[in-house]
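Chemist: The structure under discussion is supplied below as C-alpha cells; questions concerning it will follow.
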Amino acid sequence: MTADLPTLREWLFSGKAFLAAMLALYIALAFDLSRPYWAMAAVYIVSNPLSGATASKGLYRALGTLIGASASVFFVPLLIDSPELLSLVVALWTGTLLYISLMIRTPRSYIFMLAGYSLPIIALPAVSAPETIFDVAVARSEEIILGITCATIVGAVVFPTSMRGTLASSVTSWIDDAASWATEILRGEGALPMTPLRRQKLAADIGGLDMLITQLAFDPTARDLAPRARELRGRLMMMLPLLSSLADRMHALRTGDPPAPADTAAPAIAKATSGLPAELSALLARATAWFASGRNGDPAMADDILADIHALRREAPQDWRDLIQGSALDRLGEIVALWGDCLDLMRDIASEGPAAPWRPRFRHRQVVRTVRHYDYGMMLFSAATCVVATLLASAFWIATGWSAGGGAVMMTAVSCCFFGALDQPAPQARFMTIWTAVSVLVAAVYLFAILPAIHDFEMLALVFAPPFLMIGLMMSRPQYTMLGLMLATNTASFVAMQNRYDADFASFINGGVAAVAGLLFAYVWYVATRPFGSEIAAWRLVRAGWRDIADAAAGYRRDDPQRLAGRMLDRLGQLVPRLATLGDRELARVDGYSEVRVGFNIIELQKARRQQSPARIAAYDAVLQGVAALYRARQAEDRLVAAPESLATAIDAAMARALTDQDAGSRRALDALVGLRRILCPEAPPPPLTVAGGVAISAAAADVRQNNEPSRKVDVA
C-alpha cells in the first residue's frame, strides 16, 4: 500500500546514516586503523532522525566507551593470571553499571549501560594477548569516537532536522487529547466515577516529554525552548489529577449522590438528569466551547472564564450539593488557569522567533515536580541476574577452554544490559538471537562471496548501499528501530572490514557461533529466571502507591503535594503500559489519578490541621488515621478493600467541624475532606450537612482572587 512506502524524511535519514557510515569507514581505512568496522557500526548506533538526539547519544556513547576502555586497561593486566577473579570483576562491573543506569532514567543512563558492557567487549577478546589491551582499548575508543563524529557532523550539516518541530508536534498532540477529555467532562460524556485506562495513559505520554526536554540542550536551534518546555511539562502533569477530580464532581452534580456504578450508561444518565443551575450551565457551556477549540483556543479566554467562576462562587455553601458544586468550581478554576498557560507555552514553543516574557495565570500553588519512583527491589534483581548470567557464561568458557568463548560471554552481558530491566525480557532476547544469526549469514555472503571481488572503496560503498539503506529505513520507524540497529551493527561487526582481506572461514564461523550461543544462553536464562511477566511489577507499583498514601496519612512523609503527586504520576506512567497487557480484574479497578488526588488531599489536610483548636485537630486526625488504616489493609490483602462506614462518619464529622469557621485553614481542610469522601466513600449517602445562612468562604474565591491579582512578568526564555 502507498501509505506503507518510505517517506522522503525516512529516505533522508537512511541516506544520511549511510553517508556518515561510509565517511567513517573511509577515514578509518585511510588511517589504517586496526578495526575500521567499529567506526561504521558506531554511526548506526548513535544515528537518530533528530540532529540533537544524535549529538546527545554520541556524547553519551563516547563517555561510556572511554569509561569501559579505562576499566579494561586497569583490570586485565591486574587479573590476567586469575581468570576466575577476572570473570567475577567483569560480571560485577556489568551488573553494577546496569543498576546505575536504571537509576537515572534519562538519556544519560546510556553512559553507564554502555560502560557496563564495554568492559567485556574490550577486555575478554584480549585475554589471550593481555599485552595488547592498551592498544585495543585505544583503538576501540578512536574508532567509536570517529564514527560518532561523522554521524554528528553529517546530522548537523546535511539537511538537519531540529527538535523544535518534534517537540511542538508532541505537545500539540497532547494538548488535543487533554482538550478532548476536558470537553467530554464538561459535556457529561467523560464524567465517570473511574478514569478510563486510555485517559490514565496520558501520564505515560507526558513522561515521554522528559526525553525530548533532556536532549534540547544538544540542538542549537531549540536550546532556548528548554525552560518553557519544563514549565509546560509541569502544567500538563498537574492537569491530569485535576481533570480526574473535575470529572468526579461533575458526575456527582449531574447524576446525584451516590454516583451510579461504573458499568452503567453514565453519559445517558448525565444528560437526562443534569439539573444544574442556569448560571452554572452557562459557565460550563462557555468553558466547553473554549476547550473544544483545542490547540486553537484563545489563551485570553481564561481570564474571562476565571472572572465568571469568581462571580458564581461567592455564595457560601448551604448543603452537601453546594459543597460539591463549590469543589467543582475550584477544580474548574485551576484547570482553566492551567489551560491558558499551556496554550501560551505551546504557541511559544511552536513559534520560530525568541520567546516573549510570559505571565503565568496558575500561581497559587506549585505545579507537579519531576520526581521519580524507583522499584529498588526489581532493579537489584535485574542487576543480580545479569551478574549471575555473566558468571555462568564465563564458567563455561573457562571449563571448556573454547577459543571463542569470550565472544559468548560478551554477548550474554550485552543482552543482559539491553533487556535485563524489562518485565518480560525473553521475547526480546529471542528476537535478538534470531536476527543476530541472520546477520551472521548476511556477513558470510559479503565476506566470502562479494568482498573478494572488490578492489576499491567506490565499489565497496556501492555493494554496501542496498542492505544498509534498507536497514536505515527500518531504523527510521519506531517499531523496527531495534531490528534495524541489530542488523546494522552485527552485520558491520561480523564483516569486520580491514585494509587487507584476510578472512578465515573457520575463525568466522567460530566467532558467529559464539555470538549466537551467548545470546541463546541469555534467552534460556530469562525463561528460567523471569517467568512471572508484568503482573508482579504492576502489583509492586500499586502497593508502593498505597504505602505512600498510608505513610502520608500517618504523618511519616512530610512531602509537599507536588512531590508526592509527581512520584505517584511517575509511578502511574510505569503502571499503565503494564495494565494494558494484563487481564487482572483487581488491577483493572485501580484508578491512578484517584490515588494522586487522595495524596493531594491528605497533604492539604495535614497542613490545615496546624494551629487549629484541639477539637478540630482530633476530628482531622480521626480521618487521617482512618485513611492510613484503609491503605494498610489494602497493602496487606493485595486488593481494593472498601472503606468502612466509620471512615465516612469520621469525614462527615470533620466537615461539620470545618464548616463552623471560615479561616483559610478550615477552607483548605473542607475542600480536602470533600475530595476524600468522594474518592473513598462514593457509595455512602450524602452527609446531613446544613449550614444556616452559610458560614464558609470558598477556597475557589480566594484562589481566583489570587489568580487575578497583578503579578510581575516572568521571562523564562
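Labeling convention for the C-alpha cells: chains A, B, ... as they appear, residues from 1 per chain, ligands from 1 in order of appearance.
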Can you pull out the residues contacting Phe291 of chain A? Cut-off 9 Å, using only C-alpha atoms, and skip same-chain residues under 5 positions away; I want them as number ranges by chain.

Modeler: A: 178-180, 182-183, 286, 297, 339

Chemist: Those residues with N, CA and C atoms, as a compact mmCIF listing (two decimals), in the first residue's frame please?

Modeler:
```txt
# COMPACT_ATOMS: atom_id res chain seq x y z
N ALA A 178 -5.88 16.25 25.82
CA ALA A 178 -6.38 16.83 27.07
C ALA A 178 -7.63 17.66 26.82
N ALA A 179 -7.66 18.41 25.70
CA ALA A 179 -8.84 19.21 25.38
C ALA A 179 -10.05 18.30 25.14
N SER A 180 -9.81 17.17 24.49
CA SER A 180 -10.90 16.23 24.23
C SER A 180 -11.47 15.70 25.55
N ALA A 182 -11.27 17.12 28.59
CA ALA A 182 -11.96 18.21 29.32
C ALA A 182 -13.32 18.48 28.70
N THR A 183 -13.42 18.45 27.38
CA THR A 183 -14.71 18.68 26.71
C THR A 183 -15.71 17.59 27.07
N ARG A 286 -19.68 27.90 28.15
CA ARG A 286 -18.57 28.73 27.67
C ARG A 286 -17.25 27.98 27.77
N GLY A 297 -7.53 27.37 20.74
CA GLY A 297 -8.20 28.20 21.73
C GLY A 297 -7.43 29.48 22.02
N TRP A 339 -4.83 25.70 31.72
CA TRP A 339 -5.04 25.56 30.27
C TRP A 339 -4.60 26.82 29.53
```

Chemist: Which residues, written as a PyMOL selection string, have at least one atom at most 10 Å from segment 458-474 of chain A, with only C-alpha atoms counted and residues fewer than 6 positions away on the same chain left out?

Modeler: chain A and resi 6-7+9-19+21-23+25-26+44+47-48+442+446+450-451+480-488+491-492

Chemist: Limited to N, CA and C atoms, could you put the picked residues into a file as an mmCIF file, in the first residue's frame?

Modeler:
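Saved file result_34.cif follows:
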```
data_model
loop_
_atom_site.group_PDB
_atom_site.id
_atom_site.type_symbol
_atom_site.label_atom_id
_atom_site.label_comp_id
_atom_site.auth_asym_id
_atom_site.auth_seq_id
_atom_site.Cartn_x
_atom_site.Cartn_y
_atom_site.Cartn_z
ATOM 1 N N PRO A 6 8.189 4.145 2.163
ATOM 2 C CA PRO A 6 9.016 5.083 2.924
ATOM 3 C C PRO A 6 8.757 6.525 2.508
ATOM 4 N N THR A 7 8.764 7.396 3.460
ATOM 5 C CA THR A 7 8.570 8.817 3.190
ATOM 6 C C THR A 7 9.909 9.452 2.829
ATOM 7 N N ARG A 9 11.303 11.862 4.366
ATOM 8 C CA ARG A 9 12.081 12.048 5.593
ATOM 9 C C ARG A 9 12.810 10.764 5.983
ATOM 10 N N GLU A 10 12.160 9.617 5.797
ATOM 11 C CA GLU A 10 12.801 8.343 6.118
ATOM 12 C C GLU A 10 13.967 8.046 5.168
ATOM 13 N N TRP A 11 13.769 8.339 3.891
ATOM 14 C CA TRP A 11 14.866 8.158 2.941
ATOM 15 C C TRP A 11 16.032 9.092 3.281
ATOM 16 N N LEU A 12 15.703 10.323 3.698
ATOM 17 C CA LEU A 12 16.750 11.273 4.055
ATOM 18 C C LEU A 12 17.560 10.767 5.239
ATOM 19 N N PHE A 13 16.887 10.267 6.257
ATOM 20 C CA PHE A 13 17.618 9.739 7.414
ATOM 21 C C PHE A 13 18.496 8.565 7.013
ATOM 22 N N SER A 14 17.958 7.649 6.234
ATOM 23 C CA SER A 14 18.729 6.478 5.822
ATOM 24 C C SER A 14 19.951 6.885 5.003
ATOM 25 N N GLY A 15 19.744 7.831 4.091
ATOM 26 C CA GLY A 15 20.861 8.291 3.275
ATOM 27 C C GLY A 15 21.939 8.980 4.100
ATOM 28 N N LYS A 16 21.519 9.791 5.073
ATOM 29 C CA LYS A 16 22.494 10.466 5.942
ATOM 30 C C LYS A 16 23.275 9.461 6.787
ATOM 31 N N ALA A 17 22.587 8.471 7.316
ATOM 32 C CA ALA A 17 23.276 7.456 8.124
ATOM 33 C C ALA A 17 24.284 6.681 7.275
ATOM 34 N N PHE A 18 23.901 6.331 6.055
ATOM 35 C CA PHE A 18 24.824 5.591 5.185
ATOM 36 C C PHE A 18 26.006 6.457 4.791
ATOM 37 N N LEU A 19 25.743 7.730 4.490
ATOM 38 C CA LEU A 19 26.828 8.642 4.141
ATOM 39 C C LEU A 19 27.819 8.774 5.297
ATOM 40 N N ALA A 21 28.303 6.604 7.705
ATOM 41 C CA ALA A 21 28.986 5.320 7.901
ATOM 42 C C ALA A 21 30.114 5.145 6.895
ATOM 43 N N MET A 22 29.864 5.486 5.634
ATOM 44 C CA MET A 22 30.913 5.356 4.618
ATOM 45 C C MET A 22 32.051 6.349 4.855
ATOM 46 N N LEU A 23 31.696 7.551 5.323
ATOM 47 C CA LEU A 23 32.731 8.526 5.646
ATOM 48 C C LEU A 23 33.623 8.013 6.773
ATOM 49 N N LEU A 25 34.072 4.877 7.672
ATOM 50 C CA LEU A 25 34.828 3.712 7.196
ATOM 51 C C LEU A 25 35.998 4.154 6.325
ATOM 52 N N TYR A 26 35.774 5.153 5.472
ATOM 53 C CA TYR A 26 36.839 5.632 4.583
ATOM 54 C C TYR A 26 37.994 6.218 5.390
ATOM 55 N N TYR A 44 25.715 3.855 13.074
ATOM 56 C CA TYR A 44 24.329 3.390 13.140
ATOM 57 C C TYR A 44 23.817 3.330 14.573
ATOM 58 N N SER A 47 22.968 7.147 15.383
ATOM 59 C CA SER A 47 22.167 7.939 14.442
ATOM 60 C C SER A 47 20.719 8.011 14.870
ATOM 61 N N ASN A 48 20.141 9.199 14.685
ATOM 62 C CA ASN A 48 18.744 9.458 15.015
ATOM 63 C C ASN A 48 18.215 10.465 14.016
ATOM 64 N N VAL A 442 24.245 -13.007 6.503
ATOM 65 C CA VAL A 442 24.449 -11.890 5.564
ATOM 66 C C VAL A 442 25.926 -11.538 5.486
ATOM 67 N N TYR A 446 28.690 -11.580 2.226
ATOM 68 C CA TYR A 446 29.563 -10.470 1.849
ATOM 69 C C TYR A 446 31.036 -10.856 1.954
ATOM 70 N N ILE A 450 31.254 -11.714 -1.964
ATOM 71 C CA ILE A 450 31.220 -10.404 -2.623
ATOM 72 C C ILE A 450 32.533 -9.649 -2.465
ATOM 73 N N LEU A 451 33.025 -9.517 -1.235
ATOM 74 C CA LEU A 451 34.198 -8.679 -0.984
ATOM 75 C C LEU A 451 35.468 -9.152 -1.687
ATOM 76 N N TYR A 480 10.503 -0.717 14.125
ATOM 77 C CA TYR A 480 11.581 -1.528 13.556
ATOM 78 C C TYR A 480 12.964 -1.010 13.949
ATOM 79 N N THR A 481 13.032 -0.030 14.836
ATOM 80 C CA THR A 481 14.330 0.566 15.173
ATOM 81 C C THR A 481 15.297 -0.463 15.736
ATOM 82 N N MET A 482 14.841 -1.260 16.694
ATOM 83 C CA MET A 482 15.725 -2.256 17.303
ATOM 84 C C MET A 482 16.199 -3.271 16.275
ATOM 85 N N LEU A 483 15.309 -3.732 15.392
ATOM 86 C CA LEU A 483 15.697 -4.688 14.360
ATOM 87 C C LEU A 483 16.756 -4.088 13.448
ATOM 88 N N GLY A 484 16.521 -2.860 12.982
ATOM 89 C CA GLY A 484 17.481 -2.214 12.103
ATOM 90 C C GLY A 484 18.819 -2.005 12.773
ATOM 91 N N LEU A 485 18.782 -1.608 14.042
ATOM 92 C CA LEU A 485 20.023 -1.372 14.774
ATOM 93 C C LEU A 485 20.832 -2.657 14.904
ATOM 94 N N MET A 486 20.162 -3.759 15.225
ATOM 95 C CA MET A 486 20.876 -5.026 15.362
ATOM 96 C C MET A 486 21.465 -5.481 14.033
ATOM 97 N N LEU A 487 20.704 -5.364 12.952
ATOM 98 C CA LEU A 487 21.215 -5.783 11.647
ATOM 99 C C LEU A 487 22.414 -4.945 11.233
ATOM 100 N N ALA A 488 22.334 -3.636 11.473
ATOM 101 C CA ALA A 488 23.434 -2.757 11.058
ATOM 102 C C ALA A 488 24.703 -3.042 11.832
ATOM 103 N N THR A 491 25.955 -6.850 11.344
ATOM 104 C CA THR A 491 26.490 -7.100 10.007
ATOM 105 C C THR A 491 27.839 -6.420 9.832
ATOM 106 N N ALA A 492 27.925 -5.147 10.274
ATOM 107 C CA ALA A 492 29.210 -4.442 10.164
ATOM 108 C C ALA A 492 30.287 -5.136 10.984
#
```

Chemist: Return the single residue from A:Val158, A:Val371, A:Val513, A:Leu276 that is closest to Trp402 of chain A, with distances computed using only C-alpha atoms.

Modeler: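 For Trp402 of chain A, the nearest of the given residues is A:Val513.
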
Chemist: When DSSP is applied to the backbone of this structure, which of segment 165-410 of chain A are assigned alpha helix (DSSP H)? Write them out as a ChimeraX atom specification.

Modeler: /A:165-187,197-207,209-215,226-255,266-272,278-292,301-312,320-350,376-400,405-410

Chemist: How close does each residue of segment 497-542 of chain A get to segment 634-646 of chain A, giving the shortest atom pair and distance in Å to one decimal for every residue with an atom at most 12 Å away, counting only C-alpha atoms, sorted by chain and residue number, as JSON lines?

Modeler:
```
{"residue": "A:Ile536", "atom": "CA", "partner": "A:Asp638", "partner_atom": "CA", "distance": 11.3}
{"residue": "A:Ala538", "atom": "CA", "partner": "A:Asp638", "partner_atom": "CA", "distance": 11.6}
{"residue": "A:Trp539", "atom": "CA", "partner": "A:Asp638", "partner_atom": "CA", "distance": 7.9}
{"residue": "A:Arg540", "atom": "CA", "partner": "A:Asp638", "partner_atom": "CA", "distance": 9.8}
{"residue": "A:Leu541", "atom": "CA", "partner": "A:Gln635", "partner_atom": "CA", "distance": 11.2}
{"residue": "A:Val542", "atom": "CA", "partner": "A:Gln635", "partner_atom": "CA", "distance": 8.8}
```

Chemist: With C-alpha atoms kept, could you save the residues just selected as an mmCIF file, in the first residue's frame?

Modeler:
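Result file is again_31.cif:
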```cif
data_model
loop_
_atom_site.group_PDB
_atom_site.id
_atom_site.type_symbol
_atom_site.label_atom_id
_atom_site.label_comp_id
_atom_site.auth_asym_id
_atom_site.auth_seq_id
_atom_site.Cartn_x
_atom_site.Cartn_y
_atom_site.Cartn_z
ATOM 1 C CA ILE A 536 4.339 -8.777 39.774
ATOM 2 C CA ALA A 538 2.374 -3.947 38.342
ATOM 3 C CA TRP A 539 1.326 -5.056 41.811
ATOM 4 C CA ARG A 540 4.567 -3.741 43.278
ATOM 5 C CA LEU A 541 3.821 -0.343 41.744
ATOM 6 C CA VAL A 542 0.283 -0.347 43.117
#
```

Chemist: Applying 12 Å and only C-alpha atoms, which residues near Met103 of chain A remain after dropping the ones on its own chain fewer than 4 positions away? List them as a ChimeraX atom specification.

Modeler: /A:96-99,107-110,112-113,372-380,383,421
